[in-house]
Each structure stands twice: as C-alpha cells, then as structure tokens.
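Only one structure is covered here, and it is reproduced in the block below.
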Amino acid sequence: MTLASLSPTLADREPVVSLRGVGKTFSNGTVALENLDLDVFPGEFLSLLGPSGCGKSTALRLMAGLGRPSRGRVSIASHDPGERRGNIGFVFQEPTLMPWATVADNVWLPLRLKGVSRAKADATIRDSLALVGLAAFADAYPRELSGGMKMRVSIARALATKPAILLMDEPFAALDEITRFKLNDDLLRLKAELGCTVVFVTHSVYESVYLSSRIVVMAARPGRVISTIDVDVPMPRSDSFRSTPRYAELCREASAALHGAMAPDDHL
Amino acid sequence: MSASTDDTPPASGAARFDAARLASVLLPVAILVLALAGWEAVVQINEIPPYILPAPSQIAATLVKDWPVLFGSLLVTLRITFLALFAAVVGGVLLAILFAQSRWIELSFFPFAVILQVTPIVAIAPLLLIYLEPGTAVLVCAFLVAFFPILSNTALGLASADHNLRDLFDLYGASRFKQLVYLRLPAALPYFLGGLRIGGGLALIGAIVAEIAAGTAGQGSGLAFRIIESGYRLNVPRMFAALFLISVAGILIFLIFTALSHLLLHRWHESARRREA
C-alpha cells in the first residue's frame, strides 16, 4: 500500500532495505507487526512515526537482523552477501555504552569485533569522534559525560564502521529539548557528509518533520503502516525551517495522521 | 558526615571536611585505646589471674614471646585460606561461565552448589576428616564455604550484561567467545569482586572452623589448633594472642580485596565513586 504513494523518483530505485508482508508475534502472543510492507531507498531519511506499541522499534530491529520475522521477508541489499549486517549501524534509545571502557574504546568496539587492532583503528576512532565533536573526550569514561555527550559517543560508535544504513531507535527521546535540537542539526549534517541512509524511529511529530525526507506513520494493535508523508523540503535545513509555514503544515498533516492512528487509550 | 555543612562557604567547608576526615580516623582509634585501657585497669585493679582474663599488656607480651610459634601458625592458616580461596575463584568463575552458556546446565547443577552451601561446614568436616588427610580436609572445608558466594555472584554478574549491548554484539556478529570476553566478563567484574570479598572472609572462617572440628586429630599447626592446644594447657594469654592474629588476618584480607575492588572499579563503577554532596 505504501508503494502507490511513493514519489516516482524513489520508486524507480532499488531499495536498500525491503520488508514484504512482515509480521512479528512475540512469545507472549502480542502481535507487534502485521503484514508490513516497507521499502527504504538509498540516501533517504526515513522516519517511522507512531504511538507506543505500534511496532516501529520492532520493525527497526528486524531490519538490523535482531530477531526474525514470524511471517514475511526482510531483505537487505549488500555488496557483500557474506557480510549481511556489515554495513548497518544501530543507535539505541539509551546510549548503551560499556561503562568500563573509555570513549575511544567504546567507539573501537565494532571494529574490534571485526578483528581490527586498536592501533589500526585509531585514525577511524578519532575521525568518528571528531564528527560528533568529541575529539577531546577520547580518554574519558562514559560516567563522566552528560546525556547528550553519551548519545554522541553512541552515534560515533555506529559510524565507526562507515555504515551504508544507520538505524536509530528514538535516540534523542530521553534528552532535553535544547540538546535534542542540537543533535537533530548534527545528525542532518552527518548524514549530508556521509551520504548514508537513515531510518529513524520517533514518536515526535516535530522531530520527524524536521529530519525526514519521508515519514511513515504507523498504528498499533496490530502494528501496521497507515500513511506515508513525503517531506518535500530540500536539505540543508536549519532552525529557520521550524518557523516556516510549510513546516507547520507538514506537522499538522503528520499530527492528524498520527491521531487517526491512535485508539483512545493509546500513549505516545 | 559533612552533610550538615551545606550552608558554609566553600573554603571553610573544605577545611571542615578535612577535620571530619581526621576525626573519622582518630575517633575509632581513641575509643579502641580507651577500651583497652579500661580492660587493663579492670584486670590490674581486681588482680584477675591471667588464666581467667589476661590484661592486654600481657597478651601483647605473649604475642612477642611466642611469636615464632604463633607466626608459623599464622602462615599455615593464611596458606590454607588463600589456597582455598584461589581454588574457589577458579572453580566458581569457571562454573559460572559454564552456567552462563546454557540455562539447562545451570538448572542441572545449581542445586548441588546450594546443597553444599546450606549444609553447615562444621557438620561436613568430621566426614571429610574420615575420607581425607587432615590437611586436605581443612583445605576442602575452606574451599566449600568460599566457593558459593563467588559462584553465585559471578553467575549473577554474567547474566546481567546490558541487553542492548548484547544486541549490539549480535549485530556486529560477535562470537560467543568475544561476547564473553569483551562484554559479559567485564560486566560481571563488580559482582565477582563482591563475591571475592565475601569469599575471602569465609575462606578464613572455613579454615578455622575445620581445624577446630579436626581438633587434636588436626596434628596441625594453624592458629585454630594453637587455640585448642593452649586451651588444654590453660594458657589463656596465648589463646587471646592467637585470636588477635586471626582478627588481624581477617581485617587484612578484607582490606586487600577492598583495595583491589577500588583499583579495578574506581574509574567506572558507581559503587567505587564518591557521591557529590
């Protein structure tokens, strides 16, 4: 159903991630996703927007290969079929850093797991930290950083493998608004610099409109896609975008779709 | 103890903090000295004979006089304690790692560990003394009591690695071995160190209790044996001197593992960090 609403330029291209008829039922019987069709196209910034329990995080986890779909098929385009997950970076809602390791060692982790020595990884670690503005904190421990800085480290770690696809699961939900706006801008800058595809899960209408090139609105029980909104405002965007009539209009549209998706007892 | 100083300016606050720290050391020492002086006075004034209650000064004198015998015994007790603890660490950590590999292994073997733990060591010691050489029996007793806290704490630590981090390791295709070494073992470290501190104290207790259970059959020369032997000879000052050495050994073991814990955790673990007032 989403294919029909895609802009022609996107539909012509090969998707990097493709979900077909995907369903997921948890062991306790909860149907998290039902018959989900979703394509992620190269270079786009796709947001999954929906209330709690709409399966947006589950869909993201399936894309990452964390868990198998109960029904349907998840396929990921890769140049190297042997390394199916090699080109994916994942950012969780919490920073999810190893508290016993320094910032640099945390960023080293994905490379270390691939067998890259610390000496060989050093340049990449420094580049990744510089991208998120934390070059000076390489030797600090996560405990010594603020919430926003920890999230930056988490993003730097996801970027360390130079992923083609960056999956983000409500990464800024726990941060204050000022930090959040700052990280939103940083994320757009990073995406432009690195040219990766981003799939971003959020329950914030404003965040999704500000960041995305396309918003997929989902509804709960069972988790499904109910509408797709193309955000036809070109990048780069800056804070002034937030005060344009087009931004307000898109927020209204996304908000209306979201409320249509929600049952009275749903929570954002 | 500096909690009530929050309305003082920083400079005098810092000064008061130093004073508080000094007091926290001096106060217990002063009380201890006072208690010993009181004890000494009671014994001297009432002319209590040493075979009923020796004065601290006499215990100290005995400690010096009998030092060759007592020190030898101390070394024996410490040797048993640390050998048992070493075996408990190796056994406990390896078994915890094995438990972490499969829930079925854990379900199958955990009851044995619990049975060994809940059965009082004094009750097992006589049996062990029948089956084993006295020296070995004492070692096994000390091992048995130190083993369980290390096993259960390490198993808990291995199971409590952050789930998102485990997902991340899965995402990057980490092998079980890499997941163990880079994630689960570091996550288990604070728990293990907690178990080690408990196990260290228990190994000493186990070594003493087992030697007492062995009694004169112990033919041993540990501190517990010295206490029994001195008791038979009504050499009460030497009993106190041996007891003193056991306490000192226990305190030293505790301090060593507390320091080790601080050394390994102070950069990152909440338990080893001071809270800001």
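Letters A, B, ... mark the chains of the structure tokens in the order given; residue numbers begin at 1 per chain; ligand numbers begin at 1, in order shown.
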Please identify every residue of chain B that has at least one atom no farther than 8 Å from an atom of chain A, counting only C-alpha atoms, and for each give the shortest atom pair and the distance in Å to one decimal, arranged by chain then increasing number, as CSV.
residue,atom,partner,partner_atom,distance
B:Asp162,CA,A:Thr96,CA,7.7
B:Asn164,CA,A:Thr96,CA,6.4
B:Leu165,CA,A:Thr96,CA,6.0
B:Asp167,CA,A:Leu66,CA,6.8
B:Leu168,CA,A:Phe90,CA,7.6
B:Phe169,CA,A:Leu113,CA,7.9
B:Asp170,CA,A:Leu66,CA,7.4
B:Leu171,CA,A:Arg85,CA,6.7
B:Tyr172,CA,A:Pro110,CA,6.3
B:Gly173,CA,A:Leu113,CA,7.7
B:Ala174,CA,A:Leu113,CA,5.9
B:Lys178,CA,A:Leu113,CA,7.4
B:Leu183,CA,A:Met98,CA,7.9
B:Pro186,CA,A:Trp100,CA,7.1
B:Leu265,CA,A:Trp100,CA,7.9
B:Arg267,CA,A:Tyr141,CA,7.2
B:Trp268,CA,A:Trp100,CA,5.4
B:His269,CA,A:Pro99,CA,7.3
Just how far from CA of Leu260 (chain B) is CA of Ser24 (chain B), in Å to one decimal? 22.3 Å
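Taking CA of Ser212 (chain A) as the reference point, CA of Val231 (chain A) is found at 6.5 Å.
In terms of minimum interatomic distance to Leu75 (chain B), B:Ala249 ranks closest within B:Leu263, B:Ile212, B:Ala155, B:Ala249, counting only C-alpha atoms.
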Using only C-alpha atoms, pick whichever of B:Trp104, B:Gly231, B:Leu74, B:Ala213 has the shortest atom-to-atom distance to Ile130 (chain B). B:Ala213
Counting only C-alpha atoms, closest pick from B:Leu151, B:Ala137, B:Ile59, B:Leu128 relative to Leu98 (chain B) is B:Leu151
Backbone-only DSSP, strand (DSSP E or B) members of region 9-214 of chain A, as a PyMOL selection string: chain A and resi 17-25+31-40+45-49+71-76+88-91+165-169+197-202+214
Let's see if you can do this: from backbone DSSP, list all helix (DSSP H, G or I) residues in region 176-230 of chain A, as a PyMOL selection string. chain A and resi 177-194+205-211
One-decimal distance in Å that lies between CA of Glu270 (chain B) and CA of Leu85 (chain B): 26.2 Å
Surrounding residues of Val236 (chain B) excluding itself and chain neighbours under 3 positions, 8 Å, only C-alpha atoms, as a PDB file with C-alpha atoms, in the first residue's frame:
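Final file, part08.pdb:
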ATOM      1  CA  PRO B  50      45.825 -14.419  83.709  1.00  0.00           C
ATOM      2  CA  TYR B  51      44.243 -17.880  83.337  1.00  0.00           C
ATOM      3  CA  ILE B  52      40.844 -16.203  83.766  1.00  0.00           C
ATOM      4  CA  LEU B  53      41.363 -12.928  81.903  1.00  0.00           C
ATOM      5  CA  PRO B  54      44.779 -11.699  80.793  1.00  0.00           C
ATOM      6  CA  SER B 230      46.553 -23.508  74.555  1.00  0.00           C
ATOM      7  CA  GLY B 231      43.074 -24.093  75.986  1.00  0.00           C
ATOM      8  CA  MET B 239      44.607 -18.119  73.234  1.00  0.00           C
ATOM      9  CA  PHE B 240      43.950 -14.386  73.125  1.00  0.00           C
TER      10      PHE B 240
END
Contact residues around region 28-38 of chain A with only C-alpha atoms at 6 Å, ignoring same-chain residues under 3 positions, as a ChimeraX atom specification: /A:18-25,55,222-224
Could you write those residues out with all heavy atoms, as a PDB file, in the first residue's frame?
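Once everything was written out, this is result_11.pdb:
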ATOM      1  N   SER A  18      14.139  -3.906   2.411  1.00  0.00           N
ATOM      2  CA  SER A  18      12.801  -4.152   1.901  1.00  0.00           C
ATOM      3  C   SER A  18      12.090  -5.152   2.807  1.00  0.00           C
ATOM      4  O   SER A  18      12.608  -6.229   3.089  1.00  0.00           O
ATOM      5  CB  SER A  18      12.936  -4.664   0.470  1.00  0.00           C
ATOM      6  OG  SER A  18      11.725  -5.172   0.029  1.00  0.00           O
ATOM      7  N   LEU A  19      10.928  -4.751   3.314  1.00  0.00           N
ATOM      8  CA  LEU A  19      10.116  -5.646   4.142  1.00  0.00           C
ATOM      9  C   LEU A  19       8.861  -6.009   3.360  1.00  0.00           C
ATOM     10  O   LEU A  19       8.173  -5.132   2.848  1.00  0.00           O
ATOM     11  CB  LEU A  19       9.719  -4.969   5.461  1.00  0.00           C
ATOM     12  CG  LEU A  19      10.790  -4.880   6.562  1.00  0.00           C
ATOM     13  CD1 LEU A  19      11.830  -3.847   6.215  1.00  0.00           C
ATOM     14  CD2 LEU A  19      10.168  -4.564   7.906  1.00  0.00           C
ATOM     15  N   ARG A  20       8.583  -7.290   3.250  1.00  0.00           N
ATOM     16  CA  ARG A  20       7.422  -7.741   2.484  1.00  0.00           C
ATOM     17  C   ARG A  20       6.541  -8.635   3.349  1.00  0.00           C
ATOM     18  O   ARG A  20       6.965  -9.702   3.772  1.00  0.00           O
ATOM     19  CB  ARG A  20       7.879  -8.549   1.264  1.00  0.00           C
ATOM     20  CG  ARG A  20       8.397  -7.728   0.110  1.00  0.00           C
ATOM     21  CD  ARG A  20       7.247  -6.982  -0.600  1.00  0.00           C
ATOM     22  NE  ARG A  20       7.777  -5.995  -1.525  1.00  0.00           N
ATOM     23  CZ  ARG A  20       8.122  -4.757  -1.166  1.00  0.00           C
ATOM     24  NH1 ARG A  20       7.961  -4.351   0.077  1.00  0.00           N
ATOM     25  NH2 ARG A  20       8.609  -3.921  -2.047  1.00  0.00           N
ATOM     26  N   GLY A  21       5.315  -8.170   3.600  1.00  0.00           N
ATOM     27  CA  GLY A  21       4.345  -8.972   4.344  1.00  0.00           C
ATOM     28  C   GLY A  21       4.864  -9.408   5.702  1.00  0.00           C
ATOM     29  O   GLY A  21       4.563 -10.502   6.181  1.00  0.00           O
ATOM     30  N   VAL A  22       5.646  -8.523   6.340  1.00  0.00           N
ATOM     31  CA  VAL A  22       6.309  -8.920   7.578  1.00  0.00           C
ATOM     32  C   VAL A  22       5.349  -8.868   8.763  1.00  0.00           C
ATOM     33  O   VAL A  22       4.629  -7.900   8.971  1.00  0.00           O
ATOM     34  CB  VAL A  22       7.531  -8.012   7.843  1.00  0.00           C
ATOM     35  CG1 VAL A  22       8.043  -8.195   9.272  1.00  0.00           C
ATOM     36  CG2 VAL A  22       8.634  -8.321   6.845  1.00  0.00           C
ATOM     37  N   GLY A  23       5.320  -9.944   9.507  1.00  0.00           N
ATOM     38  CA  GLY A  23       4.566  -9.989  10.759  1.00  0.00           C
ATOM     39  C   GLY A  23       5.486 -10.460  11.857  1.00  0.00           C
ATOM     40  O   GLY A  23       6.457 -11.169  11.619  1.00  0.00           O
ATOM     41  N   LYS A  24       5.214  -9.984  13.072  1.00  0.00           N
ATOM     42  CA  LYS A  24       6.018 -10.448  14.216  1.00  0.00           C
ATOM     43  C   LYS A  24       5.078 -10.664  15.403  1.00  0.00           C
ATOM     44  O   LYS A  24       4.343  -9.759  15.812  1.00  0.00           O
ATOM     45  CB  LYS A  24       7.079  -9.402  14.569  1.00  0.00           C
ATOM     46  CG  LYS A  24       7.911  -9.743  15.801  1.00  0.00           C
ATOM     47  CD  LYS A  24       8.958 -10.790  15.524  1.00  0.00           C
ATOM     48  CE  LYS A  24       9.739 -11.161  16.783  1.00  0.00           C
ATOM     49  NZ  LYS A  24      10.717 -12.222  16.542  1.00  0.00           N
ATOM     50  N   THR A  25       5.064 -11.877  15.897  1.00  0.00           N
ATOM     51  CA  THR A  25       4.285 -12.195  17.090  1.00  0.00           C
ATOM     52  C   THR A  25       5.270 -12.608  18.169  1.00  0.00           C
ATOM     53  O   THR A  25       6.093 -13.487  17.959  1.00  0.00           O
ATOM     54  CB  THR A  25       3.314 -13.355  16.798  1.00  0.00           C
ATOM     55  OG1 THR A  25       2.556 -13.029  15.624  1.00  0.00           O
ATOM     56  CG2 THR A  25       2.365 -13.567  17.963  1.00  0.00           C
ATOM     57  N   GLY A  55       4.912  -1.034  16.949  1.00  0.00           N
ATOM     58  CA  GLY A  55       5.858  -1.940  16.307  1.00  0.00           C
ATOM     59  C   GLY A  55       6.962  -1.245  15.547  1.00  0.00           C
ATOM     60  O   GLY A  55       7.711  -1.879  14.806  1.00  0.00           O
ATOM     61  N   PRO A 222      -2.986  -4.351  15.448  1.00  0.00           N
ATOM     62  CA  PRO A 222      -1.592  -4.745  15.318  1.00  0.00           C
ATOM     63  C   PRO A 222      -0.786  -3.651  14.631  1.00  0.00           C
ATOM     64  O   PRO A 222      -1.354  -2.798  13.954  1.00  0.00           O
ATOM     65  CB  PRO A 222      -1.683  -5.990  14.432  1.00  0.00           C
ATOM     66  CG  PRO A 222      -2.858  -5.718  13.554  1.00  0.00           C
ATOM     67  CD  PRO A 222      -3.827  -4.914  14.380  1.00  0.00           C
ATOM     68  N   GLY A 223       0.545  -3.663  14.815  1.00  0.00           N
ATOM     69  CA  GLY A 223       1.414  -2.667  14.213  1.00  0.00           C
ATOM     70  C   GLY A 223       1.314  -2.711  12.688  1.00  0.00           C
ATOM     71  O   GLY A 223       1.444  -3.764  12.083  1.00  0.00           O
ATOM     72  N   ARG A 224       1.027  -1.567  12.109  1.00  0.00           N
ATOM     73  CA  ARG A 224       0.887  -1.517  10.645  1.00  0.00           C
ATOM     74  C   ARG A 224       1.123  -0.084  10.161  1.00  0.00           C
ATOM     75  O   ARG A 224       1.035   0.858  10.946  1.00  0.00           O
ATOM     76  CB  ARG A 224      -0.507  -1.984  10.226  1.00  0.00           C
ATOM     77  CG  ARG A 224      -1.616  -1.083  10.747  1.00  0.00           C
ATOM     78  CD  ARG A 224      -2.958  -1.793  10.799  1.00  0.00           C
ATOM     79  NE  ARG A 224      -4.032  -0.882  11.166  1.00  0.00           N
ATOM     80  CZ  ARG A 224      -4.332  -0.528  12.424  1.00  0.00           C
ATOM     81  NH1 ARG A 224      -3.630  -1.005  13.428  1.00  0.00           N
ATOM     82  NH2 ARG A 224      -5.320   0.308  12.669  1.00  0.00           N
TER      83      ARG A 224
END
Write out as a ChimeraX atom specification which residues come within 12 Å of Trp108 (chain A) when counting only C-alpha atoms, dropping same-chain ones fewer than 5 positions away. /A:97-98,101-103,113-129,138,153-154,156-161 /B:182
Selected residues written out, N, CA, C and O atoms, as a tab-separated table (two decimals), in the first residue's frame:
chain	number	residue	atom	x	y	z
A	97	LEU	N	26.52	2.35	26.26
A	97	LEU	CA	27.98	2.30	26.20
A	97	LEU	C	28.47	1.31	27.25
A	97	LEU	O	27.79	1.05	28.22
A	98	MET	N	29.67	0.80	27.03
A	98	MET	CA	30.27	-0.08	28.03
A	98	MET	C	30.90	0.83	29.09
A	98	MET	O	31.85	1.56	28.79
A	101	ALA	N	34.79	0.91	29.70
A	101	ALA	CA	35.71	1.27	28.63
A	101	ALA	C	35.68	2.77	28.38
A	101	ALA	O	34.65	3.42	28.57
A	102	THR	N	36.82	3.33	27.95
A	102	THR	CA	36.86	4.75	27.64
A	102	THR	C	36.02	5.02	26.39
A	102	THR	O	35.61	4.10	25.68
A	103	VAL	N	35.78	6.30	26.16
A	103	VAL	CA	35.03	6.71	24.98
A	103	VAL	C	35.64	6.12	23.71
A	103	VAL	O	34.96	5.53	22.87
A	113	LEU	N	35.46	-6.03	17.15
A	113	LEU	CA	34.73	-7.28	16.91
A	113	LEU	C	34.99	-7.82	15.51
A	113	LEU	O	34.78	-8.99	15.23
A	114	LYS	N	35.44	-6.94	14.61
A	114	LYS	CA	35.80	-7.40	13.27
A	114	LYS	C	37.28	-7.74	13.19
A	114	LYS	O	37.80	-8.02	12.11
A	115	GLY	N	37.98	-7.65	14.31
A	115	GLY	CA	39.38	-8.05	14.35
A	115	GLY	C	40.36	-6.95	14.01
A	115	GLY	O	41.51	-7.23	13.69
A	116	VAL	N	39.92	-5.68	14.05
A	116	VAL	CA	40.83	-4.58	13.77
A	116	VAL	C	41.54	-4.19	15.07
A	116	VAL	O	40.89	-3.99	16.10
A	117	SER	N	42.86	-4.11	15.03
A	117	SER	CA	43.62	-3.78	16.24
A	117	SER	C	43.38	-2.32	16.62
A	117	SER	O	42.97	-1.50	15.79
A	118	ARG	N	43.68	-2.01	17.90
A	118	ARG	CA	43.47	-0.65	18.39
A	118	ARG	C	44.32	0.34	17.61
A	118	ARG	O	43.86	1.43	17.28
A	119	ALA	N	45.56	-0.06	17.29
A	119	ALA	CA	46.47	0.84	16.57
A	119	ALA	C	45.93	1.15	15.18
A	119	ALA	O	45.92	2.29	14.74
A	120	LYS	N	45.44	0.08	14.50
A	120	LYS	CA	44.91	0.28	13.15
A	120	LYS	C	43.61	1.07	13.16
A	120	LYS	O	43.31	1.79	12.21
A	121	ALA	N	42.84	0.91	14.24
A	121	ALA	CA	41.53	1.57	14.31
A	121	ALA	C	41.65	3.02	14.75
A	121	ALA	O	40.69	3.78	14.65
A	122	ASP	N	42.84	3.39	15.24
A	122	ASP	CA	42.98	4.68	15.90
A	122	ASP	C	42.52	5.86	15.05
A	122	ASP	O	41.78	6.72	15.53
A	123	ALA	N	42.91	5.89	13.80
A	123	ALA	CA	42.53	7.00	12.94
A	123	ALA	C	41.01	7.06	12.77
A	123	ALA	O	40.40	8.14	12.84
A	124	THR	N	40.40	5.90	12.55
A	124	THR	CA	38.95	5.84	12.38
A	124	THR	C	38.24	6.31	13.64
A	124	THR	O	37.24	7.03	13.58
A	125	ILE	N	38.76	5.86	14.81
A	125	ILE	CA	38.15	6.27	16.08
A	125	ILE	C	38.19	7.78	16.21
A	125	ILE	O	37.20	8.43	16.55
A	126	ARG	N	39.35	8.35	15.89
A	126	ARG	CA	39.49	9.81	16.02
A	126	ARG	C	38.58	10.55	15.04
A	126	ARG	O	37.96	11.55	15.39
A	127	ASP	N	38.48	10.03	13.80
A	127	ASP	CA	37.59	10.64	12.82
A	127	ASP	C	36.14	10.61	13.31
A	127	ASP	O	35.42	11.61	13.24
A	128	SER	N	35.73	9.45	13.81
A	128	SER	CA	34.34	9.30	14.25
A	128	SER	C	34.03	10.25	15.40
A	128	SER	O	32.98	10.88	15.43
A	129	LEU	N	34.96	10.36	16.33
A	129	LEU	CA	34.74	11.24	17.48
A	129	LEU	C	34.75	12.70	17.04
A	129	LEU	O	33.99	13.52	17.56
A	138	ALA	N	38.28	11.51	24.14
A	138	ALA	CA	38.59	10.13	23.80
A	138	ALA	C	38.92	9.29	25.02
A	138	ALA	O	38.56	8.12	25.10
A	153	VAL	N	28.58	9.78	21.60
A	153	VAL	CA	29.54	8.67	21.56
A	153	VAL	C	28.86	7.46	20.89
A	153	VAL	O	29.45	6.78	20.05
A	154	SER	N	27.61	7.24	21.27
A	154	SER	CA	26.86	6.12	20.71
A	154	SER	C	26.75	6.26	19.18
A	154	SER	O	26.89	5.28	18.44
A	156	ALA	N	28.87	8.05	17.31
A	156	ALA	CA	30.23	7.88	16.78
A	156	ALA	C	30.55	6.39	16.63
A	156	ALA	O	31.16	5.97	15.65
A	157	ARG	N	30.12	5.61	17.60
A	157	ARG	CA	30.37	4.16	17.53
A	157	ARG	C	29.65	3.55	16.33
A	157	ARG	O	30.21	2.72	15.61
A	158	ALA	N	28.39	3.97	16.12
A	158	ALA	CA	27.64	3.43	14.99
A	158	ALA	C	28.29	3.83	13.66
A	158	ALA	O	28.20	3.10	12.68
A	159	LEU	N	28.95	5.01	13.66
A	159	LEU	CA	29.57	5.49	12.42
A	159	LEU	C	30.94	4.87	12.16
A	159	LEU	O	31.47	4.98	11.06
A	160	ALA	N	31.51	4.23	13.18
A	160	ALA	CA	32.89	3.74	13.08
A	160	ALA	C	33.08	2.76	11.92
A	160	ALA	O	34.15	2.70	11.33
A	161	THR	N	32.05	1.99	11.61
A	161	THR	CA	32.19	1.02	10.52
A	161	THR	C	31.81	1.63	9.16
A	161	THR	O	31.70	0.92	8.18
B	182	TYR	N	34.61	-9.65	25.98
B	182	TYR	CA	34.51	-8.20	25.89
B	182	TYR	C	33.29	-7.64	26.60
B	182	TYR	O	33.23	-6.45	26.89
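Take the candidates A:Ala104, A:Ile76, A:Val199, A:Val16 and check each one against Glu170 (chain A) using only C-alpha atoms; the shortest distance goes to A:Val199.
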